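What's in query.cif: mmCIF, C-alpha atoms
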data_input
#
loop_
_atom_site.label_atom_id
_atom_site.label_comp_id
_atom_site.auth_asym_id
_atom_site.auth_seq_id
_atom_site.Cartn_x
_atom_site.Cartn_y
_atom_site.Cartn_z
CA MET A 45 62.54 85.18 27.67
CA SER A 46 62.50 82.74 30.58
CA SER A 47 61.13 79.29 29.97
CA ALA A 48 57.51 78.47 30.70
CA LEU A 49 56.42 75.86 33.22
CA PRO A 50 58.16 72.45 33.07
CA ALA A 51 57.07 70.30 30.14
CA SER A 52 57.41 66.79 31.46
CA SER A 53 54.77 64.10 31.74
CA SER A 54 55.68 63.47 35.37
CA SER A 55 54.91 67.09 36.24
CA ASN A 56 51.22 66.81 35.34
CA ASP A 57 50.17 65.10 38.57
CA GLU A 58 52.38 67.38 40.65
CA ASN A 59 50.98 70.48 38.95
CA ILE A 60 47.39 69.34 39.37
CA ASN A 61 47.94 68.87 43.09
CA ASN A 62 49.72 72.22 43.51
CA LYS A 63 46.82 74.02 45.16
CA SER A 64 47.33 77.72 45.86
CA ALA A 65 45.81 79.49 48.83
CA ASN A 66 45.02 82.46 46.59
CA THR A 67 41.59 81.44 45.33
CA VAL A 68 39.73 84.67 46.07
CA ASN A 69 38.63 85.36 42.50
CA VAL A 70 36.60 82.19 42.05
CA ASP A 71 32.99 81.14 42.45
CA PRO A 72 33.14 77.65 44.04
CA SER A 73 29.74 76.74 42.60
CA GLU A 74 31.06 77.43 39.10
CA VAL A 75 34.10 75.20 39.66
CA GLU A 76 31.89 72.42 41.04
CA LYS A 77 29.51 72.75 38.10
CA PHE A 78 32.25 71.99 35.56
CA ASN A 79 34.02 69.45 37.76
CA ASN A 80 30.80 67.42 37.84
CA LEU A 81 30.88 67.27 34.04
CA ALA A 82 34.57 66.34 33.79
CA SER A 83 33.90 62.91 32.27
CA GLU A 84 32.17 64.57 29.30
CA TRP A 85 34.95 66.93 28.19
CA TRP A 86 36.15 64.68 25.36
CA SER A 87 32.77 63.39 24.23
CA ASN A 88 31.64 64.90 20.93
CA THR A 89 28.04 64.36 21.98
CA GLY A 90 28.32 65.32 25.66
CA ALA A 91 27.89 68.54 27.60
CA PHE A 92 30.80 70.16 25.76
CA ALA A 93 29.83 69.15 22.23
CA THR A 94 29.39 72.83 21.32
CA LEU A 95 32.99 73.60 22.30
CA HIS A 96 34.23 70.81 20.05
CA GLU A 97 32.19 72.23 17.17
CA ILE A 98 33.35 75.82 17.56
CA ASN A 99 36.96 75.00 18.41
CA PRO A 100 38.27 75.03 14.80
CA LEU A 101 36.74 78.51 14.30
CA ARG A 102 38.22 80.00 17.42
CA LEU A 103 41.56 78.23 16.93
CA ASN A 104 41.98 79.68 13.45
CA TRP A 105 40.95 83.16 14.62
CA ILE A 106 43.42 83.00 17.49
CA GLU A 107 46.21 82.04 15.10
CA GLU A 108 45.27 84.80 12.65
CA ASN A 109 45.56 87.38 15.42
CA ILE A 110 48.88 85.97 16.59
CA LYS A 111 50.23 86.41 13.07
CA ARG A 112 48.79 89.92 12.87
CA GLY A 113 50.16 90.88 16.27
CA TYR A 114 53.65 89.62 15.57
CA GLN A 115 53.82 91.33 12.18
CA GLY A 116 54.70 94.46 14.12
CA ASP A 117 57.69 92.78 15.77
CA THR A 118 60.75 94.22 14.05
CA SER A 119 63.27 92.67 16.40
CA ASN A 120 65.09 91.01 13.49
CA ASN A 121 67.16 93.88 12.03
CA GLY A 122 64.13 95.97 11.25
CA THR A 123 62.26 93.27 9.33
CA PRO A 124 59.19 91.36 10.56
CA ALA A 125 60.22 88.43 12.74
CA LYS A 126 59.73 84.93 11.35
CA THR A 127 57.51 84.14 14.33
CA ALA A 128 54.69 86.08 12.68
CA GLU A 129 54.54 83.63 9.78
CA GLN A 130 54.64 80.65 12.12
CA GLY A 131 51.53 81.59 14.05
CA LEU A 132 51.17 79.33 17.07
CA ALA A 133 54.22 77.24 16.21
CA GLY A 134 57.07 77.86 18.60
CA LYS A 135 55.05 80.17 20.85
CA LYS A 136 54.82 79.77 24.63
CA VAL A 137 51.07 79.77 25.23
CA LEU A 138 49.01 79.96 28.41
CA ASP A 139 45.36 78.86 28.31
CA VAL A 140 43.54 80.35 31.31
CA GLY A 141 40.48 78.41 32.46
CA CYS A 142 41.44 75.52 30.20
CA GLY A 143 38.75 73.14 31.46
CA GLY A 144 39.30 69.70 29.97
CA GLY A 145 41.89 70.96 27.52
CA ILE A 146 39.97 71.16 24.23
CA LEU A 147 41.58 74.41 23.09
CA ALA A 148 44.91 73.82 24.84
CA GLU A 149 45.39 70.49 23.11
CA SER A 150 44.48 71.88 19.70
CA MET A 151 47.08 74.64 20.12
CA ALA A 152 49.71 72.07 21.13
CA ARG A 153 48.90 70.15 17.95
CA ARG A 154 49.88 73.29 16.05
CA ASN A 155 53.32 73.07 17.63
CA ALA A 156 52.83 75.60 20.42
CA ASP A 157 54.31 74.97 23.87
CA VAL A 158 51.14 75.10 25.97
CA THR A 159 50.36 75.41 29.67
CA GLY A 160 46.75 75.10 30.73
CA ILE A 161 45.54 76.30 34.13
CA ASP A 162 42.20 75.77 35.83
CA LEU A 163 40.76 75.55 39.34
CA GLY A 164 38.72 72.43 38.64
CA THR A 165 40.80 69.42 39.68
CA GLU A 166 38.57 66.90 37.90
CA ASN A 167 38.73 68.96 34.71
CA LEU A 168 42.52 68.93 34.87
CA LYS A 169 42.65 65.19 35.44
CA ALA A 170 40.55 64.68 32.31
CA ALA A 171 42.77 67.08 30.37
CA ALA A 172 46.03 65.49 31.53
CA LEU A 173 44.79 61.98 30.77
CA HIS A 174 43.76 62.95 27.25
CA ALA A 175 47.08 64.72 26.64
CA GLU A 176 48.92 61.58 27.72
CA GLN A 177 46.78 59.40 25.47
CA SER A 178 47.47 61.82 22.60
CA GLY A 179 51.25 61.74 23.15
CA LEU A 180 51.46 65.48 23.81
CA GLU A 181 53.14 65.43 27.23
CA SER A 182 56.30 67.11 25.93
CA THR A 183 54.50 70.27 24.74
CA LEU A 184 51.40 70.37 26.93
CA ARG A 185 51.04 70.44 30.70
CA TYR A 186 48.42 71.53 33.22
CA GLN A 187 48.50 73.27 36.57
CA HIS A 188 45.95 73.86 39.31
CA ILE A 189 46.56 77.52 40.17
CA PRO A 190 44.73 80.87 39.97
CA VAL A 191 45.98 83.02 37.12
CA GLU A 192 46.69 85.88 39.54
CA ALA A 193 49.05 83.62 41.52
CA LEU A 194 50.81 82.44 38.37
CA ALA A 195 51.33 86.05 37.31
CA LYS A 196 53.39 86.64 40.46
CA THR A 197 55.90 83.93 39.54
CA HIS A 198 55.81 83.85 35.71
CA ALA A 199 55.33 87.49 34.69
CA GLY A 200 56.34 88.20 31.11
CA GLN A 201 56.99 84.56 30.25
CA PHE A 202 54.32 83.86 27.63
CA ASP A 203 53.98 84.90 23.99
CA VAL A 204 50.24 84.21 23.86
CA VAL A 205 47.53 84.04 26.53
CA THR A 206 44.02 82.76 25.83
CA CYS A 207 41.06 82.99 28.18
CA MET A 208 37.94 81.54 26.57
CA GLU A 209 34.44 81.17 28.00
CA MET A 210 35.70 81.95 31.50
CA LEU A 211 35.31 85.65 32.27
CA GLU A 212 31.54 85.32 32.70
CA HIS A 213 32.08 82.70 35.41
CA VAL A 214 34.27 84.64 37.88
CA PRO A 215 33.47 87.37 40.45
CA ASP A 216 36.12 89.81 39.16
CA PRO A 217 36.89 89.46 35.43
CA SER A 218 39.06 92.58 35.43
CA SER A 219 41.50 90.83 37.76
CA ILE A 220 41.83 88.01 35.20
CA VAL A 221 42.51 90.49 32.40
CA GLN A 222 45.15 92.22 34.54
CA ALA A 223 46.90 88.90 35.25
CA CYS A 224 46.84 87.99 31.55
CA TYR A 225 48.59 91.28 30.79
CA GLU A 226 51.26 90.65 33.41
CA LEU A 227 51.94 87.12 32.14
CA LEU A 228 52.58 88.28 28.57
CA ALA A 229 55.96 89.30 27.25
CA PRO A 230 56.02 92.73 25.55
CA GLY A 231 54.37 92.42 22.15
CA GLY A 232 52.43 89.34 23.24
CA VAL A 233 48.87 88.64 22.11
CA CYS A 234 45.90 87.86 24.36
CA VAL A 235 42.59 86.47 23.09
CA LEU A 236 39.51 86.67 25.31
CA SER A 237 36.00 85.39 24.73
CA THR A 238 32.77 85.91 26.63
CA ILE A 239 29.07 86.74 26.15
CA ASN A 240 27.51 90.15 25.59
CA ARG A 241 24.82 91.36 28.02
CA ASN A 242 21.57 92.44 26.38
CA PRO A 243 18.07 91.04 25.75
CA LYS A 244 19.23 89.23 22.60
CA SER A 245 22.07 87.45 24.41
CA TYR A 246 19.67 86.38 27.17
CA LEU A 247 17.33 84.96 24.56
CA PHE A 248 20.03 83.17 22.57
CA ALA A 249 22.64 82.16 25.19
CA ILE A 250 20.29 81.16 28.00
CA VAL A 251 16.73 80.57 26.79
CA GLY A 252 17.75 79.21 23.39
CA ALA A 253 21.00 77.37 24.15
CA GLU A 254 20.08 76.00 27.58
CA TYR A 255 16.30 75.49 27.47
CA VAL A 256 15.16 75.18 23.84
CA LEU A 257 18.05 73.71 21.86
CA ARG A 258 19.72 72.18 24.94
CA LEU A 259 23.18 72.88 23.54
CA LEU A 260 24.29 73.55 27.14
CA ASP A 261 23.14 72.28 30.51
CA ARG A 262 20.60 74.47 32.29
CA GLY A 263 22.27 76.86 34.69
CA THR A 264 25.54 76.99 32.73
CA HIS A 265 25.36 80.78 32.53
CA ASP A 266 24.28 83.63 34.78
CA TYR A 267 23.00 86.59 32.75
CA ALA A 268 24.14 89.10 35.38
CA LYS A 269 27.75 88.01 34.79
CA PHE A 270 27.69 88.61 31.03
CA ILE A 271 30.10 91.32 29.84
CA THR A 272 29.47 93.89 27.13
CA PRO A 273 32.23 94.54 24.55
CA ALA A 274 32.53 98.09 25.89
CA GLU A 275 33.11 96.78 29.41
CA LEU A 276 35.71 94.25 28.28
CA ASP A 277 37.38 96.85 26.08
CA LYS A 278 37.66 99.19 29.09
CA MET A 279 39.13 96.43 31.26
CA ALA A 280 41.74 95.72 28.60
CA ILE A 281 42.64 99.35 27.94
CA ASP A 282 42.79 100.20 31.66
CA THR A 283 45.22 97.31 32.05
CA GLY A 284 47.47 98.58 29.28
CA PHE A 285 46.39 96.45 26.33
CA VAL A 286 45.85 97.77 22.81
CA ARG A 287 42.76 96.44 21.02
CA GLN A 288 43.59 94.40 17.94
CA ASP A 289 40.32 92.87 16.72
CA ILE A 290 36.85 91.72 17.78
CA ILE A 291 34.53 89.16 16.19
CA GLY A 292 31.18 87.55 16.92
CA LEU A 293 30.42 83.83 16.95
CA HIS A 294 27.09 82.83 15.39
CA TYR A 295 24.97 79.68 15.13
CA ASN A 296 22.07 78.65 12.90
CA PRO A 297 20.00 75.96 14.71
CA LEU A 298 18.34 74.88 11.46
CA THR A 299 21.53 74.19 9.52
CA LYS A 300 23.59 73.55 12.69
CA ARG A 301 26.34 75.73 11.25
CA TYR A 302 28.70 77.99 13.20
CA TRP A 303 30.47 80.98 11.69
CA LEU A 304 32.27 84.20 12.58
CA ALA A 305 30.90 87.66 11.68
CA GLN A 306 31.20 91.28 12.78
CA ASN A 307 27.98 91.25 14.83
CA VAL A 308 28.92 90.85 18.52
CA ASP A 309 25.43 90.86 20.04
CA VAL A 310 25.85 87.46 21.74
CA ASN A 311 29.09 85.44 21.82
CA TYR A 312 32.26 87.27 20.86
CA MET A 313 36.05 87.10 20.94
CA MET A 314 38.44 90.01 21.43
CA ALA A 315 42.15 90.03 20.60
CA VAL A 316 44.38 92.53 22.38
CA GLN A 317 48.12 93.09 22.46
CA LYS A 318 50.64 94.12 25.10
CA PRO A 319 52.70 97.02 23.72
CA LEU A 320 56.38 96.41 22.99
CA ALA A 321 57.37 99.32 25.20
#
Rewrite the coordinates I just gave you, this time as structure tokens.
Amino acid sequence: MSSALPASSSSNDENINNKSANTVNVDPSEVEKFNNLASEWWSNTGAFATLHEINPLRLNWIEENIKRGYQGDTSNNGTPAKTAEQGLAGKKVLDVGCGGGILAESMARRNADVTGIDLGTENLKAAALHAEQSGLESTLRYQHIPVEALAKTHAGQFDVVTCMEMLEHVPDPSSIVQACYELLAPGGVCVLSTINRNPKSYLFAIVGAEYVLRLLDRGTHDYAKFITPAELDKMAIDTGFVRQDIIGLHYNPLTKRYWLAQNVDVNYMMAVQKPLA
């Protein structure tokens, strides 16, 4: 497999300033919304406090699905490859819509070689600064580029692709899923997360999270852009993916506890795999 994007500390600034003309599949107001909150990405009590709280759950689930996906890799004389046992370690990972780097950095800490991409320049500056402060420049870098553009130059070069809390913020989520498929090497695992679209999700993700509990800033989500599991499943299958697993993310406002369960009425994650052949 070809190498991923350059992993040098000096490349961060160059990558952030590498603006692509192909920015069709983006809502500028969404980018501006998160850019304006860039200074809060690494605050445990700021606008992204919820992401910090759920990150261990989603990180572990991502790694579990990487191990499960690579169990089927019999490239080592008919026996499961050692990469299955290693999980994220040693994998070339792309985090699409990485924001300030919360997930990307946590994957790098598990010894993955991580590239994060986003269209918010201020988000990427915050992410790159934190990576430098954390001493992760050798295994973590960021680039300002649409995922569709990256797929044209780095097709098949990643073992794992993650796209979390992003699909509900773009005009054409199916185009993102297609690009994720193209970027993966055969047998690679992709993990997607978004929000279901139904009355319960409106009540919990918008009314509850944004207006009552104030876990998120008002206007963070647009209900019309929410995606049902059936819709996301169809996008993935039409692209060529094979469904691996799906799980719901839940929150109890009284105990302030997050957990994963089979119910996918509101927030959910889906793991899919690119076939080996």
List the neighbours of stretch 77-83 of chain A out to 7 Å using all atoms listed in the file; skip same-chain residues closer than 4 positions along the sequence, and give me the result as a PDB file with C-alpha atoms, in the frame of the given file.
ATOM      1  CA  SER A  73      29.740  76.740  42.600  1.00  0.00           C
ATOM      2  CA  GLY A 144      39.300  69.700  29.970  1.00  0.00           C
ATOM      3  CA  GLY A 164      38.720  72.430  38.640  1.00  0.00           C
ATOM      4  CA  GLU A 166      38.570  66.900  37.900  1.00  0.00           C
ATOM      5  CA  ASN A 167      38.730  68.960  34.710  1.00  0.00           C
ATOM      6  CA  ALA A 170      40.550  64.680  32.310  1.00  0.00           C
TER       7      ALA A 170
END
Non-local contacts of A:Gly232 (6 Å; only C-alpha atoms; under 3 positions in same chain excluded) as a PDB file with C-alpha atoms, keeping the file's coordinate frame:
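Final output, saved to part_34.pdb:
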ATOM      1  CA  ASP A 203      53.980  84.900  23.990  1.00  0.00           C
ATOM      2  CA  VAL A 204      50.240  84.210  23.860  1.00  0.00           C
ATOM      3  CA  LEU A 228      52.580  88.280  28.570  1.00  0.00           C
ATOM      4  CA  ALA A 229      55.960  89.300  27.250  1.00  0.00           C
ATOM      5  CA  GLN A 317      48.120  93.090  22.460  1.00  0.00           C
ATOM      6  CA  LYS A 318      50.640  94.120  25.100  1.00  0.00           C
TER       7      LYS A 318
END
Checklist entry - On this structure, which residues satisfy the PyMOL selection byres ((chain A and resi 213) around 8), written as a list in words? => result Asp71, Glu74, Glu209, Met210, Leu211, Glu212, Val214, Pro215, His265, Asp266 and Lys269 of chain A
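Here atom CA of A:Met314 is placed at a distance of 15.6 Å from atom CA of A:Ile98.
Non-sequential neighbours of A:Leu103 (distance at most 9 Å, separation of 3 or more positions within a chain, only C-alpha atoms) are Ile98, Asn99, Pro100, Ile106, Glu107, Glu108, Leu147, Ser150 and Met151 of chain A.
If you measure from each of A:Asp309, A:Asp289, A:Glu97, A:Asp157 to A:Ile110 using only C-alpha atoms, the closest one turns out to be A:Asp289.
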Could you write stretch 84-98 of chain A as a PDB file, in the coordinates of the input, with N, CA, C and O atoms rebuilt where they are missing?
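Saved the output as part.pdb:
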ATOM      1  N   GLU A  84      32.756  64.303  30.625  1.00  0.00           N
ATOM      2  CA  GLU A  84      32.170  64.570  29.300  1.00  0.00           C
ATOM      3  C   GLU A  84      33.017  65.483  28.427  1.00  0.00           C
ATOM      4  O   GLU A  84      32.644  65.771  27.287  1.00  0.00           O
ATOM      5  N   TRP A  85      34.159  65.955  28.934  1.00  0.00           N
ATOM      6  CA  TRP A  85      34.950  66.930  28.190  1.00  0.00           C
ATOM      7  C   TRP A  85      35.323  66.440  26.793  1.00  0.00           C
ATOM      8  O   TRP A  85      35.309  67.214  25.839  1.00  0.00           O
ATOM      9  N   TRP A  86      35.661  65.174  26.654  1.00  0.00           N
ATOM     10  CA  TRP A  86      36.150  64.680  25.360  1.00  0.00           C
ATOM     11  C   TRP A  86      35.129  63.846  24.617  1.00  0.00           C
ATOM     12  O   TRP A  86      35.471  63.072  23.728  1.00  0.00           O
ATOM     13  N   SER A  87      33.852  64.031  24.963  1.00  0.00           N
ATOM     14  CA  SER A  87      32.770  63.390  24.230  1.00  0.00           C
ATOM     15  C   SER A  87      32.194  64.384  23.227  1.00  0.00           C
ATOM     16  O   SER A  87      31.775  65.477  23.601  1.00  0.00           O
ATOM     17  N   ASN A  88      32.180  64.011  21.967  1.00  0.00           N
ATOM     18  CA  ASN A  88      31.640  64.900  20.930  1.00  0.00           C
ATOM     19  C   ASN A  88      30.135  65.084  21.020  1.00  0.00           C
ATOM     20  O   ASN A  88      29.568  65.940  20.342  1.00  0.00           O
ATOM     21  N   THR A  89      29.491  64.263  21.833  1.00  0.00           N
ATOM     22  CA  THR A  89      28.040  64.360  21.980  1.00  0.00           C
ATOM     23  C   THR A  89      27.636  64.710  23.409  1.00  0.00           C
ATOM     24  O   THR A  89      26.453  64.702  23.739  1.00  0.00           O
ATOM     25  N   GLY A  90      28.605  65.027  24.263  1.00  0.00           N
ATOM     26  CA  GLY A  90      28.320  65.320  25.660  1.00  0.00           C
ATOM     27  C   GLY A  90      28.029  66.781  25.920  1.00  0.00           C
ATOM     28  O   GLY A  90      27.677  67.550  25.012  1.00  0.00           O
ATOM     29  N   ALA A  91      28.220  67.179  27.177  1.00  0.00           N
ATOM     30  CA  ALA A  91      27.890  68.540  27.600  1.00  0.00           C
ATOM     31  C   ALA A  91      28.735  69.594  26.898  1.00  0.00           C
ATOM     32  O   ALA A  91      28.334  70.759  26.816  1.00  0.00           O
ATOM     33  N   PHE A  92      29.904  69.196  26.389  1.00  0.00           N
ATOM     34  CA  PHE A  92      30.800  70.160  25.760  1.00  0.00           C
ATOM     35  C   PHE A  92      30.890  69.970  24.242  1.00  0.00           C
ATOM     36  O   PHE A  92      31.866  70.380  23.610  1.00  0.00           O
ATOM     37  N   ALA A  93      29.856  69.368  23.673  1.00  0.00           N
ATOM     38  CA  ALA A  93      29.830  69.150  22.230  1.00  0.00           C
ATOM     39  C   ALA A  93      29.954  70.470  21.463  1.00  0.00           C
ATOM     40  O   ALA A  93      30.634  70.536  20.430  1.00  0.00           O
ATOM     41  N   THR A  94      29.317  71.519  21.981  1.00  0.00           N
ATOM     42  CA  THR A  94      29.390  72.830  21.320  1.00  0.00           C
ATOM     43  C   THR A  94      30.822  73.333  21.244  1.00  0.00           C
ATOM     44  O   THR A  94      31.242  73.884  20.224  1.00  0.00           O
ATOM     45  N   LEU A  95      31.594  73.148  22.310  1.00  0.00           N
ATOM     46  CA  LEU A  95      32.990  73.600  22.300  1.00  0.00           C
ATOM     47  C   LEU A  95      33.802  72.858  21.246  1.00  0.00           C
ATOM     48  O   LEU A  95      34.668  73.444  20.591  1.00  0.00           O
ATOM     49  N   HIS A  96      33.521  71.577  21.080  1.00  0.00           N
ATOM     50  CA  HIS A  96      34.230  70.810  20.050  1.00  0.00           C
ATOM     51  C   HIS A  96      33.888  71.350  18.656  1.00  0.00           C
ATOM     52  O   HIS A  96      34.752  71.431  17.781  1.00  0.00           O
ATOM     53  N   GLU A  97      32.634  71.747  18.479  1.00  0.00           N
ATOM     54  CA  GLU A  97      32.190  72.230  17.170  1.00  0.00           C
ATOM     55  C   GLU A  97      32.757  73.602  16.837  1.00  0.00           C
ATOM     56  O   GLU A  97      33.105  73.875  15.687  1.00  0.00           O
ATOM     57  N   ILE A  98      32.861  74.473  17.843  1.00  0.00           N
ATOM     58  CA  ILE A  98      33.350  75.820  17.560  1.00  0.00           C
ATOM     59  C   ILE A  98      34.872  75.928  17.647  1.00  0.00           C
ATOM     60  O   ILE A  98      35.454  76.929  17.228  1.00  0.00           O
TER      61      ILE A  98
END
